[in-house]
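Asker: Quick one, structure.txt (compact mmCIF, N, CA and C atoms):
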```
# COMPACT_ATOMS: atom_id res chain seq x y z
N TYR P 26 159.97 79.39 222.76
CA TYR P 26 159.80 80.84 222.81
C TYR P 26 159.00 81.25 221.59
N MET P 27 157.91 81.87 221.83
CA MET P 27 157.03 82.29 220.74
C MET P 27 157.04 83.81 220.65
N ARG P 28 157.34 84.29 219.49
CA ARG P 28 157.38 85.75 219.30
C ARG P 28 156.13 86.18 218.56
N ILE P 29 155.43 87.09 219.17
CA ILE P 29 154.21 87.61 218.57
C ILE P 29 154.57 88.91 217.88
N SER P 30 154.21 89.01 216.62
CA SER P 30 154.50 90.26 215.93
C SER P 30 153.28 90.72 215.16
N ALA P 31 153.10 92.00 215.16
CA ALA P 31 152.00 92.59 214.41
C ALA P 31 152.60 93.25 213.19
N LEU P 32 152.17 92.84 212.02
CA LEU P 32 152.68 93.43 210.79
C LEU P 32 151.61 94.33 210.21
N LEU P 33 151.97 95.56 210.08
CA LEU P 33 151.06 96.54 209.53
C LEU P 33 151.69 97.10 208.27
N PHE P 34 150.89 97.37 207.30
CA PHE P 34 151.40 97.96 206.08
C PHE P 34 150.93 99.40 206.04
N ALA P 35 151.86 100.30 205.83
CA ALA P 35 151.53 101.72 205.85
C ALA P 35 151.81 102.33 204.49
N ALA P 36 150.96 103.21 204.09
CA ALA P 36 151.15 103.96 202.86
C ALA P 36 151.20 105.43 203.22
N VAL P 37 151.99 106.15 202.48
CA VAL P 37 152.09 107.58 202.74
C VAL P 37 150.76 108.23 202.39
N THR P 38 150.20 108.94 203.35
CA THR P 38 148.93 109.63 203.17
C THR P 38 149.14 111.10 203.46
N PRO P 39 149.06 111.94 202.45
CA PRO P 39 149.26 113.36 202.73
C PRO P 39 148.08 113.96 203.47
N LEU P 40 148.29 114.35 204.70
CA LEU P 40 147.28 115.01 205.52
C LEU P 40 147.86 116.34 205.96
N SER P 41 147.04 117.32 206.12
CA SER P 41 147.51 118.64 206.55
C SER P 41 147.66 118.67 208.06
N LEU P 42 148.79 119.17 208.51
CA LEU P 42 149.05 119.39 209.93
C LEU P 42 149.55 120.82 210.07
N ALA P 43 149.88 121.18 211.28
CA ALA P 43 150.42 122.52 211.52
C ALA P 43 151.69 122.71 210.72
N CYS P 44 151.95 123.92 210.32
CA CYS P 44 153.13 124.24 209.52
C CYS P 44 154.39 123.87 210.29
N HIS P 45 155.34 123.25 209.59
CA HIS P 45 156.59 122.81 210.20
C HIS P 45 157.68 122.99 209.17
N SER P 46 158.77 123.58 209.56
CA SER P 46 159.87 123.71 208.62
C SER P 46 160.84 122.58 208.92
N GLY P 47 160.90 121.62 208.01
CA GLY P 47 161.76 120.46 208.16
C GLY P 47 163.20 120.82 207.88
N PRO P 48 164.07 119.84 207.97
CA PRO P 48 165.48 120.08 207.77
C PRO P 48 165.78 120.44 206.32
N SER P 49 166.76 121.26 206.14
CA SER P 49 167.21 121.61 204.81
C SER P 49 168.50 120.85 204.57
N THR P 50 168.42 119.82 203.76
CA THR P 50 169.58 118.99 203.49
C THR P 50 169.80 118.90 202.01
N PRO P 51 171.05 118.67 201.58
CA PRO P 51 171.30 118.53 200.16
C PRO P 51 170.45 117.38 199.60
N GLY P 52 169.81 117.61 198.47
CA GLY P 52 169.00 116.57 197.84
C GLY P 52 167.59 116.47 198.36
N SER P 53 167.21 117.31 199.33
CA SER P 53 165.83 117.27 199.82
C SER P 53 165.33 118.68 200.02
N GLU P 54 164.02 118.83 200.02
CA GLU P 54 163.42 120.14 200.28
C GLU P 54 162.34 119.99 201.32
N SER P 55 162.24 120.99 202.19
CA SER P 55 161.26 120.95 203.27
C SER P 55 159.85 120.95 202.71
N LEU P 56 158.97 120.26 203.37
CA LEU P 56 157.56 120.24 203.00
C LEU P 56 156.87 121.40 203.69
N SER P 57 155.84 121.96 203.07
CA SER P 57 155.11 123.05 203.72
C SER P 57 154.36 122.53 204.95
N ALA P 58 153.98 121.27 204.92
CA ALA P 58 153.36 120.62 206.08
C ALA P 58 153.87 119.19 206.13
N PRO P 59 154.22 118.68 207.30
CA PRO P 59 154.67 117.30 207.41
C PRO P 59 153.58 116.34 206.96
N GLU P 60 154.00 115.20 206.44
CA GLU P 60 153.04 114.20 205.97
C GLU P 60 153.10 112.96 206.87
N PRO P 61 152.03 112.70 207.61
CA PRO P 61 152.01 111.50 208.46
C PRO P 61 152.11 110.24 207.61
N VAL P 62 152.93 109.32 208.05
CA VAL P 62 153.12 108.06 207.36
C VAL P 62 152.53 106.91 208.18
N LEU P 63 152.74 106.96 209.50
CA LEU P 63 152.33 105.84 210.35
C LEU P 63 152.17 106.30 211.79
N THR P 64 151.14 105.82 212.44
CA THR P 64 151.04 105.90 213.90
C THR P 64 150.78 104.48 214.37
N HIS P 65 151.43 104.10 215.46
CA HIS P 65 151.30 102.73 215.96
C HIS P 65 151.56 102.74 217.46
N THR P 66 150.81 101.93 218.18
CA THR P 66 151.04 101.73 219.61
C THR P 66 151.66 100.35 219.80
N PHE P 67 152.91 100.35 220.26
CA PHE P 67 153.61 99.10 220.55
C PHE P 67 153.19 98.62 221.92
N THR P 68 152.76 97.36 222.02
CA THR P 68 152.38 96.78 223.30
C THR P 68 153.25 95.60 223.67
N GLY P 69 154.28 95.38 222.89
CA GLY P 69 155.21 94.27 223.09
C GLY P 69 156.23 94.30 221.98
N PRO P 70 156.75 93.13 221.62
CA PRO P 70 157.79 93.09 220.57
C PRO P 70 157.18 93.14 219.15
N ASP P 71 156.41 94.17 218.89
CA ASP P 71 155.78 94.32 217.58
C ASP P 71 156.80 94.65 216.50
N LEU P 72 156.49 94.23 215.30
CA LEU P 72 157.22 94.64 214.10
C LEU P 72 156.21 95.29 213.18
N VAL P 73 156.57 96.43 212.63
CA VAL P 73 155.67 97.16 211.74
C VAL P 73 156.38 97.35 210.42
N ARG P 74 155.71 97.05 209.33
CA ARG P 74 156.30 97.26 208.00
C ARG P 74 155.89 98.62 207.47
N VAL P 75 156.88 99.31 206.90
CA VAL P 75 156.63 100.64 206.36
C VAL P 75 157.48 100.82 205.10
N THR P 76 156.94 101.53 204.12
CA THR P 76 157.66 101.85 202.90
C THR P 76 158.21 103.27 203.00
N LEU P 77 159.52 103.40 202.79
CA LEU P 77 160.18 104.71 202.86
C LEU P 77 160.79 105.03 201.50
N ASN P 78 160.80 106.32 201.17
CA ASN P 78 161.37 106.79 199.91
C ASN P 78 162.80 107.26 200.12
N GLY P 79 163.71 106.76 199.30
CA GLY P 79 165.10 107.18 199.36
C GLY P 79 165.22 108.68 199.13
N GLY P 80 166.06 109.34 199.92
CA GLY P 80 166.27 110.78 199.79
C GLY P 80 165.31 111.62 200.61
N ASP P 81 164.19 111.05 201.03
CA ASP P 81 163.25 111.78 201.89
C ASP P 81 163.79 111.78 203.32
N VAL P 82 163.28 112.68 204.14
CA VAL P 82 163.65 112.74 205.55
C VAL P 82 162.39 112.53 206.37
N TYR P 83 162.48 111.65 207.35
CA TYR P 83 161.35 111.30 208.22
C TYR P 83 161.71 111.62 209.66
N ARG P 84 160.69 111.85 210.46
CA ARG P 84 160.87 112.03 211.90
C ARG P 84 160.02 110.98 212.62
N VAL P 85 160.63 110.35 213.62
CA VAL P 85 159.92 109.40 214.47
C VAL P 85 159.87 109.98 215.87
N ASP P 86 158.67 110.03 216.44
CA ASP P 86 158.49 110.48 217.81
C ASP P 86 157.96 109.31 218.63
N LEU P 87 158.62 109.06 219.77
CA LEU P 87 158.19 108.04 220.73
C LEU P 87 157.79 108.76 222.01
N ASP P 88 156.77 108.26 222.68
CA ASP P 88 156.35 108.90 223.93
C ASP P 88 156.98 108.23 225.15
N SER P 89 158.14 107.63 224.96
CA SER P 89 158.81 106.95 226.06
C SER P 89 160.32 107.14 225.93
N ARG P 90 160.99 107.40 227.04
CA ARG P 90 162.43 107.60 226.98
C ARG P 90 163.16 106.27 227.16
N GLY P 91 164.43 106.28 226.78
CA GLY P 91 165.26 105.10 226.95
C GLY P 91 165.07 104.05 225.86
N LEU P 92 164.17 104.30 224.93
CA LEU P 92 163.95 103.36 223.85
C LEU P 92 164.49 103.93 222.55
N ARG P 93 164.86 103.05 221.64
CA ARG P 93 165.36 103.45 220.33
C ARG P 93 164.53 102.73 219.28
N ILE P 94 164.72 103.13 218.04
CA ILE P 94 164.04 102.44 216.95
C ILE P 94 165.07 101.66 216.16
N ALA P 95 164.61 100.60 215.54
CA ALA P 95 165.44 99.81 214.63
C ALA P 95 164.67 99.67 213.33
N LEU P 96 165.37 99.85 212.21
CA LEU P 96 164.77 99.70 210.88
C LEU P 96 165.60 98.69 210.12
N THR P 97 164.95 97.64 209.66
CA THR P 97 165.64 96.59 208.92
C THR P 97 165.06 96.50 207.52
N PRO P 98 165.91 96.68 206.48
CA PRO P 98 165.41 96.55 205.11
C PRO P 98 164.94 95.12 204.86
N LEU P 99 163.83 94.97 204.14
CA LEU P 99 163.31 93.64 203.85
C LEU P 99 163.90 93.05 202.57
N ARG P 100 164.37 93.90 201.66
CA ARG P 100 164.95 93.42 200.40
C ARG P 100 166.47 93.34 200.55
N PRO P 101 167.05 92.18 200.24
CA PRO P 101 168.51 92.05 200.32
C PRO P 101 169.18 93.09 199.42
N GLY P 102 170.25 93.67 199.92
CA GLY P 102 171.00 94.67 199.16
C GLY P 102 170.55 96.09 199.41
N THR P 103 169.41 96.29 200.07
CA THR P 103 168.96 97.63 200.41
C THR P 103 169.74 98.10 201.63
N PRO P 104 170.43 99.25 201.53
CA PRO P 104 171.20 99.71 202.69
C PRO P 104 170.28 100.17 203.82
N PRO P 105 170.68 99.95 205.07
CA PRO P 105 169.86 100.44 206.18
C PRO P 105 169.87 101.97 206.18
N PRO P 106 168.78 102.60 206.61
CA PRO P 106 168.73 104.06 206.64
C PRO P 106 169.58 104.62 207.79
N LEU P 107 169.99 105.86 207.64
CA LEU P 107 170.68 106.57 208.70
C LEU P 107 169.63 107.00 209.72
N ILE P 108 169.88 106.74 211.00
CA ILE P 108 168.97 107.14 212.08
C ILE P 108 169.76 108.04 213.02
N GLN P 109 169.26 109.27 213.24
CA GLN P 109 169.94 110.23 214.10
C GLN P 109 169.01 110.70 215.21
N ASP P 110 169.58 110.89 216.42
CA ASP P 110 168.81 111.46 217.53
C ASP P 110 168.44 112.91 217.22
N VAL P 111 167.20 113.28 217.46
CA VAL P 111 166.78 114.67 217.40
C VAL P 111 166.66 115.19 218.82
N VAL P 112 166.00 114.40 219.65
CA VAL P 112 165.87 114.68 221.09
C VAL P 112 166.47 113.47 221.79
N PRO P 113 167.50 113.65 222.61
CA PRO P 113 168.09 112.49 223.29
C PRO P 113 167.04 111.66 224.01
N GLY P 114 167.23 110.35 224.02
CA GLY P 114 166.28 109.43 224.61
C GLY P 114 166.11 109.59 226.11
N THR P 115 166.90 110.45 226.73
CA THR P 115 166.79 110.65 228.18
C THR P 115 166.27 112.06 228.48
N SER P 116 165.48 112.63 227.58
CA SER P 116 164.98 113.99 227.80
C SER P 116 164.05 114.03 229.01
N ALA P 117 163.96 115.19 229.63
CA ALA P 117 163.12 115.36 230.82
C ALA P 117 161.65 115.14 230.51
N SER P 118 161.25 115.41 229.27
CA SER P 118 159.84 115.26 228.91
C SER P 118 159.43 113.79 228.78
N GLY P 119 160.42 112.91 228.70
CA GLY P 119 160.11 111.50 228.54
C GLY P 119 159.93 111.09 227.10
N ASP P 120 160.09 112.03 226.17
CA ASP P 120 159.93 111.70 224.76
C ASP P 120 161.28 111.45 224.11
N ALA P 121 161.25 110.75 223.00
CA ALA P 121 162.44 110.54 222.19
C ALA P 121 162.05 110.82 220.75
N ALA P 122 162.97 111.41 219.99
CA ALA P 122 162.70 111.72 218.59
C ALA P 122 163.93 111.41 217.76
N TYR P 123 163.69 110.92 216.56
CA TYR P 123 164.78 110.53 215.66
C TYR P 123 164.46 110.99 214.25
N GLU P 124 165.52 111.27 213.47
CA GLU P 124 165.36 111.52 212.05
C GLU P 124 165.85 110.28 211.32
N ILE P 125 165.10 109.91 210.29
CA ILE P 125 165.46 108.76 209.46
C ILE P 125 165.73 109.28 208.06
N ARG P 126 166.86 108.85 207.49
CA ARG P 126 167.26 109.26 206.15
C ARG P 126 167.61 108.02 205.32
N PRO P 127 166.61 107.44 204.65
CA PRO P 127 166.92 106.29 203.80
C PRO P 127 167.61 106.75 202.52
N SER P 128 168.59 105.98 202.07
CA SER P 128 169.28 106.32 200.83
C SER P 128 168.65 105.62 199.64
N ALA P 129 167.76 104.67 199.90
CA ALA P 129 167.11 103.93 198.82
C ALA P 129 165.64 103.69 199.15
N ASP P 130 164.80 103.68 198.11
CA ASP P 130 163.40 103.30 198.30
C ASP P 130 163.36 101.86 198.81
N GLY P 131 162.41 101.58 199.69
CA GLY P 131 162.30 100.21 200.13
C GLY P 131 161.28 100.02 201.23
N GLU P 132 161.02 98.76 201.50
CA GLU P 132 160.14 98.38 202.59
C GLU P 132 161.02 97.95 203.75
N TYR P 133 160.68 98.44 204.94
CA TYR P 133 161.49 98.22 206.13
C TYR P 133 160.61 97.70 207.26
N GLU P 134 161.21 96.90 208.16
CA GLU P 134 160.55 96.51 209.40
C GLU P 134 161.03 97.47 210.48
N LEU P 135 160.09 98.08 211.16
CA LEU P 135 160.38 99.04 212.21
C LEU P 135 160.02 98.42 213.55
N SER P 136 160.90 98.56 214.53
CA SER P 136 160.62 98.06 215.87
C SER P 136 161.21 99.02 216.90
N VAL P 137 160.73 98.91 218.12
CA VAL P 137 161.24 99.69 219.24
C VAL P 137 162.11 98.76 220.05
N VAL P 138 163.34 99.19 220.37
CA VAL P 138 164.31 98.34 221.06
C VAL P 138 164.95 99.08 222.23
N GLY P 139 165.57 98.31 223.12
CA GLY P 139 166.34 98.88 224.22
C GLY P 139 165.47 99.25 225.41
N GLY P 140 166.13 99.48 226.54
CA GLY P 140 165.42 99.92 227.74
C GLY P 140 164.42 98.90 228.22
N GLN P 141 163.65 99.30 229.17
CA GLN P 141 162.58 98.47 229.72
C GLN P 141 161.25 98.97 229.18
N GLN P 142 160.68 98.25 228.24
CA GLN P 142 159.39 98.66 227.70
C GLN P 142 158.29 98.12 228.60
N THR P 143 157.70 99.01 229.36
CA THR P 143 156.58 98.63 230.22
C THR P 143 155.35 99.37 229.73
N GLY P 144 154.28 98.67 229.53
CA GLY P 144 153.07 99.29 229.00
C GLY P 144 153.19 99.54 227.52
N SER P 145 152.40 100.46 227.04
CA SER P 145 152.39 100.74 225.61
C SER P 145 153.30 101.92 225.28
N VAL P 146 153.80 101.92 224.05
CA VAL P 146 154.64 103.00 223.54
C VAL P 146 154.02 103.49 222.24
N ASN P 147 153.72 104.77 222.18
CA ASN P 147 153.14 105.35 220.97
C ASN P 147 154.24 105.88 220.06
N LEU P 148 154.13 105.54 218.78
CA LEU P 148 155.10 105.97 217.79
C LEU P 148 154.37 106.71 216.68
N THR P 149 154.96 107.81 216.24
CA THR P 149 154.45 108.56 215.09
C THR P 149 155.59 108.74 214.11
N LEU P 150 155.37 108.35 212.86
CA LEU P 150 156.35 108.49 211.79
C LEU P 150 155.80 109.51 210.80
N THR P 151 156.58 110.57 210.55
CA THR P 151 156.14 111.66 209.69
C THR P 151 157.22 111.97 208.67
N ARG P 152 156.81 112.20 207.42
CA ARG P 152 157.77 112.63 206.38
C ARG P 152 157.87 114.14 206.48
N ILE P 153 159.09 114.66 206.71
CA ILE P 153 159.27 116.10 206.91
C ILE P 153 160.00 116.78 205.77
N ALA P 154 160.65 116.03 204.89
CA ALA P 154 161.32 116.62 203.73
C ALA P 154 161.29 115.61 202.59
N ALA P 155 161.06 116.11 201.39
CA ALA P 155 160.99 115.25 200.20
C ALA P 155 162.26 115.39 199.38
N ALA P 156 162.64 114.30 198.73
CA ALA P 156 163.80 114.32 197.84
C ALA P 156 163.52 115.26 196.68
N LYS P 157 164.54 116.00 196.28
CA LYS P 157 164.40 116.86 195.10
C LYS P 157 164.50 116.00 193.86
N HIS P 158 163.57 116.20 192.97
CA HIS P 158 163.59 115.47 191.70
C HIS P 158 163.92 116.44 190.59
N PRO P 159 164.82 116.07 189.68
CA PRO P 159 165.17 116.99 188.60
C PRO P 159 163.97 117.33 187.74
N ALA P 160 163.88 118.58 187.30
CA ALA P 160 162.81 119.03 186.41
C ALA P 160 163.01 118.42 185.03
N HIS P 161 161.92 118.08 184.39
CA HIS P 161 162.00 117.47 183.05
C HIS P 161 161.80 118.51 182.01
```
Any chance you could give the structure as structure tokens?
Answerer:
Amino acid sequence: YMRISALLFAAVTPLSLACHSGPSTPGSESLSAPEPVLTHTFTGPDLVRVTLNGGDVYRVDLDSRGLRIALTPLRPGTPPPLIQDVVPGTSASGDAAYEIRPSADGEYELSVVGGQQTGSVNLTLTRIAAAKHPAH
């Protein structure tokens, strides 16, 4: 059994998008505009590497229902991030959305799991809230 994986390295690139008010959570503040981190089209059992900042809040949008995302920390001892449904994976629109809340900075492998993946699945990862840093 041969597993083909595509490893991509993503860096946070601040680009302007339409105004979005992200979640207001303790320790984070909404961004005036979401910051795209990664877009990727999964065509099979791809693995994508991405660096996430602890305390930030990210949103993942998939254009396919019935699928979930998995994030695995690459450094031993890094806790896995909290992943919460934003839009249930069985929505009528066929889309699925999740919020990711890493508690620690780190590099993670991201994959799409579950359901029957037929054809390609488009994923967009966006940073929607930044961790509050104390003023010096």
Asker: So the first atom is atom CA of Pro127 of chain P and the second is atom CA of Asn147 of chain P; what is the distance between them in Å, to one decimal place?
Answerer: 22.0 Å
Asker: Show me the residues around (160.1, 114.3, 211.4) - criterion: an atom at most 7 Å away, all atoms listed in the file counted - as a VMD selection string.
Answerer: chain P and resid 82 to 86 123 to 125 150 to 154
Asker: Report, in Å with one decimal, the straight-line distance from atom CA of Pro59 of chain P to atom CA of Arg100 of chain P.
Answerer: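 Between atom CA of Pro59 of chain P and atom CA of Arg100 of chain P the gap works out to 26.9 Å.
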Asker: Just the residues within 8 Å of segment 67-69 of chain P, please, counting only C-alpha atoms, with nothing from its chain fewer than 5 positions along; format it as a count of residues only.
Answerer: 7
Asker: So which one's closest to Thr97 of chain P, P:Ala156, P:Leu63, P:Ala58, P:Leu135? Using all atoms listed in the file, please.
Answerer: P:Leu135
Asker: In segment 64-139 of chain P, what's strand (DSSP E or B) per DSSP? Answer as number ranges by chain?
Answerer: P: 64-67, 73-77, 82-87, 93-98, 107-112, 121-126, 131-138
Asker: Taking only C-alpha atoms into account, name the residue in P:Ser128, P:Val111, P:Ala121, P:Pro101 that is nearest to Asp88 of chain P.
Answerer: P:Ala121
Asker: I'd like the interatomic distance between atom C of Arg93 of chain P and atom N of Ala155 of chain P, to a tenth of an Å.
Answerer: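 These two atoms are separated by 22.6 Å.
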Asker: So, with all atoms listed in the file as the atoms that count, which of P:Ser57, P:Gly80, P:Ala95, P:Thr66 lies closest to Val138 of chain P?
Answerer: P:Ala95
Asker: Restricting the calculation to all atoms listed in the file, which member of P:Arg126, P:Glu132, P:Pro70, P:Thr149 is positioned closest to Leu107 of chain P?
Answerer: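 For Leu107 of chain P, the nearest of the candidates is P:Arg126.
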Asker: Between P:Val62, P:Ala122, P:Ala129, P:Ile108, which is the closest to Ser89 of chain P once you count all atoms listed in the file?
Answerer: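 Of P:Val62, P:Ala122, P:Ala129, P:Ile108, the one nearest Ser89 of chain P, counting all atoms listed in the file, is P:Ala122.
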Asker: Please supply segment 75-86 of chain P, rebuilt with all heavy atoms, as a PDB file, keeping the file's coordinate frame.
Answerer:
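Result went into out_14.pdb, see below:
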```pdb
ATOM      1  N   VAL P  75     156.880  99.310 206.900  1.00  0.00           N
ATOM      2  CA  VAL P  75     156.630 100.640 206.360  1.00  0.00           C
ATOM      3  C   VAL P  75     157.480 100.820 205.100  1.00  0.00           C
ATOM      4  O   VAL P  75     158.588 100.298 205.010  1.00  0.00           O
ATOM      5  CB  VAL P  75     156.937 101.728 207.418  1.00  0.00           C
ATOM      6  CG1 VAL P  75     158.387 101.733 207.817  1.00  0.00           C
ATOM      7  CG2 VAL P  75     156.496 103.085 206.945  1.00  0.00           C
ATOM      8  N   THR P  76     156.940 101.530 204.120  1.00  0.00           N
ATOM      9  CA  THR P  76     157.660 101.850 202.900  1.00  0.00           C
ATOM     10  C   THR P  76     158.210 103.270 203.000  1.00  0.00           C
ATOM     11  O   THR P  76     157.468 104.196 203.309  1.00  0.00           O
ATOM     12  CB  THR P  76     156.736 101.724 201.670  1.00  0.00           C
ATOM     13  OG1 THR P  76     156.242 100.377 201.610  1.00  0.00           O
ATOM     14  CG2 THR P  76     157.469 102.051 200.384  1.00  0.00           C
ATOM     15  N   LEU P  77     159.520 103.400 202.790  1.00  0.00           N
ATOM     16  CA  LEU P  77     160.180 104.710 202.860  1.00  0.00           C
ATOM     17  C   LEU P  77     160.790 105.030 201.500  1.00  0.00           C
ATOM     18  O   LEU P  77     161.248 104.139 200.788  1.00  0.00           O
ATOM     19  CB  LEU P  77     161.272 104.701 203.930  1.00  0.00           C
ATOM     20  CG  LEU P  77     160.842 104.359 205.350  1.00  0.00           C
ATOM     21  CD1 LEU P  77     162.052 104.330 206.279  1.00  0.00           C
ATOM     22  CD2 LEU P  77     159.801 105.340 205.856  1.00  0.00           C
ATOM     23  N   ASN P  78     160.800 106.320 201.170  1.00  0.00           N
ATOM     24  CA  ASN P  78     161.370 106.790 199.910  1.00  0.00           C
ATOM     25  C   ASN P  78     162.800 107.260 200.120  1.00  0.00           C
ATOM     26  O   ASN P  78     163.062 108.067 201.002  1.00  0.00           O
ATOM     27  CB  ASN P  78     160.537 107.951 199.344  1.00  0.00           C
ATOM     28  CG  ASN P  78     159.111 107.553 199.065  1.00  0.00           C
ATOM     29  OD1 ASN P  78     158.829 106.466 198.587  1.00  0.00           O
ATOM     30  ND2 ASN P  78     158.188 108.445 199.381  1.00  0.00           N
ATOM     31  N   GLY P  79     163.710 106.760 199.300  1.00  0.00           N
ATOM     32  CA  GLY P  79     165.100 107.180 199.360  1.00  0.00           C
ATOM     33  C   GLY P  79     165.220 108.680 199.130  1.00  0.00           C
ATOM     34  O   GLY P  79     164.568 109.228 198.248  1.00  0.00           O
ATOM     35  N   GLY P  80     166.060 109.340 199.920  1.00  0.00           N
ATOM     36  CA  GLY P  80     166.270 110.780 199.790  1.00  0.00           C
ATOM     37  C   GLY P  80     165.310 111.620 200.610  1.00  0.00           C
ATOM     38  O   GLY P  80     165.564 112.793 200.848  1.00  0.00           O
ATOM     39  N   ASP P  81     164.190 111.050 201.030  1.00  0.00           N
ATOM     40  CA  ASP P  81     163.250 111.780 201.890  1.00  0.00           C
ATOM     41  C   ASP P  81     163.790 111.780 203.320  1.00  0.00           C
ATOM     42  O   ASP P  81     164.649 110.969 203.680  1.00  0.00           O
ATOM     43  CB  ASP P  81     161.860 111.150 201.869  1.00  0.00           C
ATOM     44  CG  ASP P  81     161.122 111.374 200.558  1.00  0.00           C
ATOM     45  OD1 ASP P  81     161.667 112.060 199.665  1.00  0.00           O
ATOM     46  OD2 ASP P  81     160.000 110.858 200.440  1.00  0.00           O
ATOM     47  N   VAL P  82     163.280 112.680 204.140  1.00  0.00           N
ATOM     48  CA  VAL P  82     163.650 112.740 205.550  1.00  0.00           C
ATOM     49  C   VAL P  82     162.390 112.530 206.370  1.00  0.00           C
ATOM     50  O   VAL P  82     161.355 113.144 206.105  1.00  0.00           O
ATOM     51  CB  VAL P  82     164.302 114.090 205.915  1.00  0.00           C
ATOM     52  CG1 VAL P  82     164.693 114.122 207.391  1.00  0.00           C
ATOM     53  CG2 VAL P  82     165.524 114.356 205.038  1.00  0.00           C
ATOM     54  N   TYR P  83     162.480 111.650 207.350  1.00  0.00           N
ATOM     55  CA  TYR P  83     161.350 111.300 208.220  1.00  0.00           C
ATOM     56  C   TYR P  83     161.710 111.620 209.660  1.00  0.00           C
ATOM     57  O   TYR P  83     162.871 111.616 210.036  1.00  0.00           O
ATOM     58  CB  TYR P  83     161.023 109.812 208.092  1.00  0.00           C
ATOM     59  CG  TYR P  83     160.643 109.386 206.705  1.00  0.00           C
ATOM     60  CD1 TYR P  83     161.612 109.055 205.764  1.00  0.00           C
ATOM     61  CD2 TYR P  83     159.307 109.314 206.323  1.00  0.00           C
ATOM     62  CE1 TYR P  83     161.262 108.665 204.481  1.00  0.00           C
ATOM     63  CE2 TYR P  83     158.947 108.930 205.043  1.00  0.00           C
ATOM     64  CZ  TYR P  83     159.932 108.603 204.125  1.00  0.00           C
ATOM     65  OH  TYR P  83     159.580 108.221 202.850  1.00  0.00           O
ATOM     66  N   ARG P  84     160.690 111.850 210.460  1.00  0.00           N
ATOM     67  CA  ARG P  84     160.870 112.030 211.900  1.00  0.00           C
ATOM     68  C   ARG P  84     160.020 110.980 212.620  1.00  0.00           C
ATOM     69  O   ARG P  84     158.862 110.768 212.278  1.00  0.00           O
ATOM     70  CB  ARG P  84     160.426 113.424 212.332  1.00  0.00           C
ATOM     71  CG  ARG P  84     160.585 113.663 213.837  1.00  0.00           C
ATOM     72  CD  ARG P  84     160.111 115.053 214.215  1.00  0.00           C
ATOM     73  NE  ARG P  84     159.995 115.175 215.657  1.00  0.00           N
ATOM     74  CZ  ARG P  84     160.802 115.910 216.405  1.00  0.00           C
ATOM     75  NH1 ARG P  84     161.771 116.593 215.854  1.00  0.00           N
ATOM     76  NH2 ARG P  84     160.625 115.967 217.716  1.00  0.00           N
ATOM     77  N   VAL P  85     160.630 110.350 213.620  1.00  0.00           N
ATOM     78  CA  VAL P  85     159.920 109.400 214.470  1.00  0.00           C
ATOM     79  C   VAL P  85     159.870 109.980 215.870  1.00  0.00           C
ATOM     80  O   VAL P  85     160.890 110.390 216.415  1.00  0.00           O
ATOM     81  CB  VAL P  85     160.640 108.028 214.510  1.00  0.00           C
ATOM     82  CG1 VAL P  85     160.016 107.124 215.564  1.00  0.00           C
ATOM     83  CG2 VAL P  85     160.609 107.364 213.160  1.00  0.00           C
ATOM     84  N   ASP P  86     158.670 110.030 216.440  1.00  0.00           N
ATOM     85  CA  ASP P  86     158.490 110.480 217.810  1.00  0.00           C
ATOM     86  C   ASP P  86     157.960 109.310 218.630  1.00  0.00           C
ATOM     87  O   ASP P  86     156.994 108.650 218.236  1.00  0.00           O
ATOM     88  CB  ASP P  86     157.489 111.639 217.871  1.00  0.00           C
ATOM     89  CG  ASP P  86     158.053 112.902 217.256  1.00  0.00           C
ATOM     90  OD1 ASP P  86     158.965 113.484 217.859  1.00  0.00           O
ATOM     91  OD2 ASP P  86     157.586 113.293 216.170  1.00  0.00           O
TER      92      ASP P  86
END
```
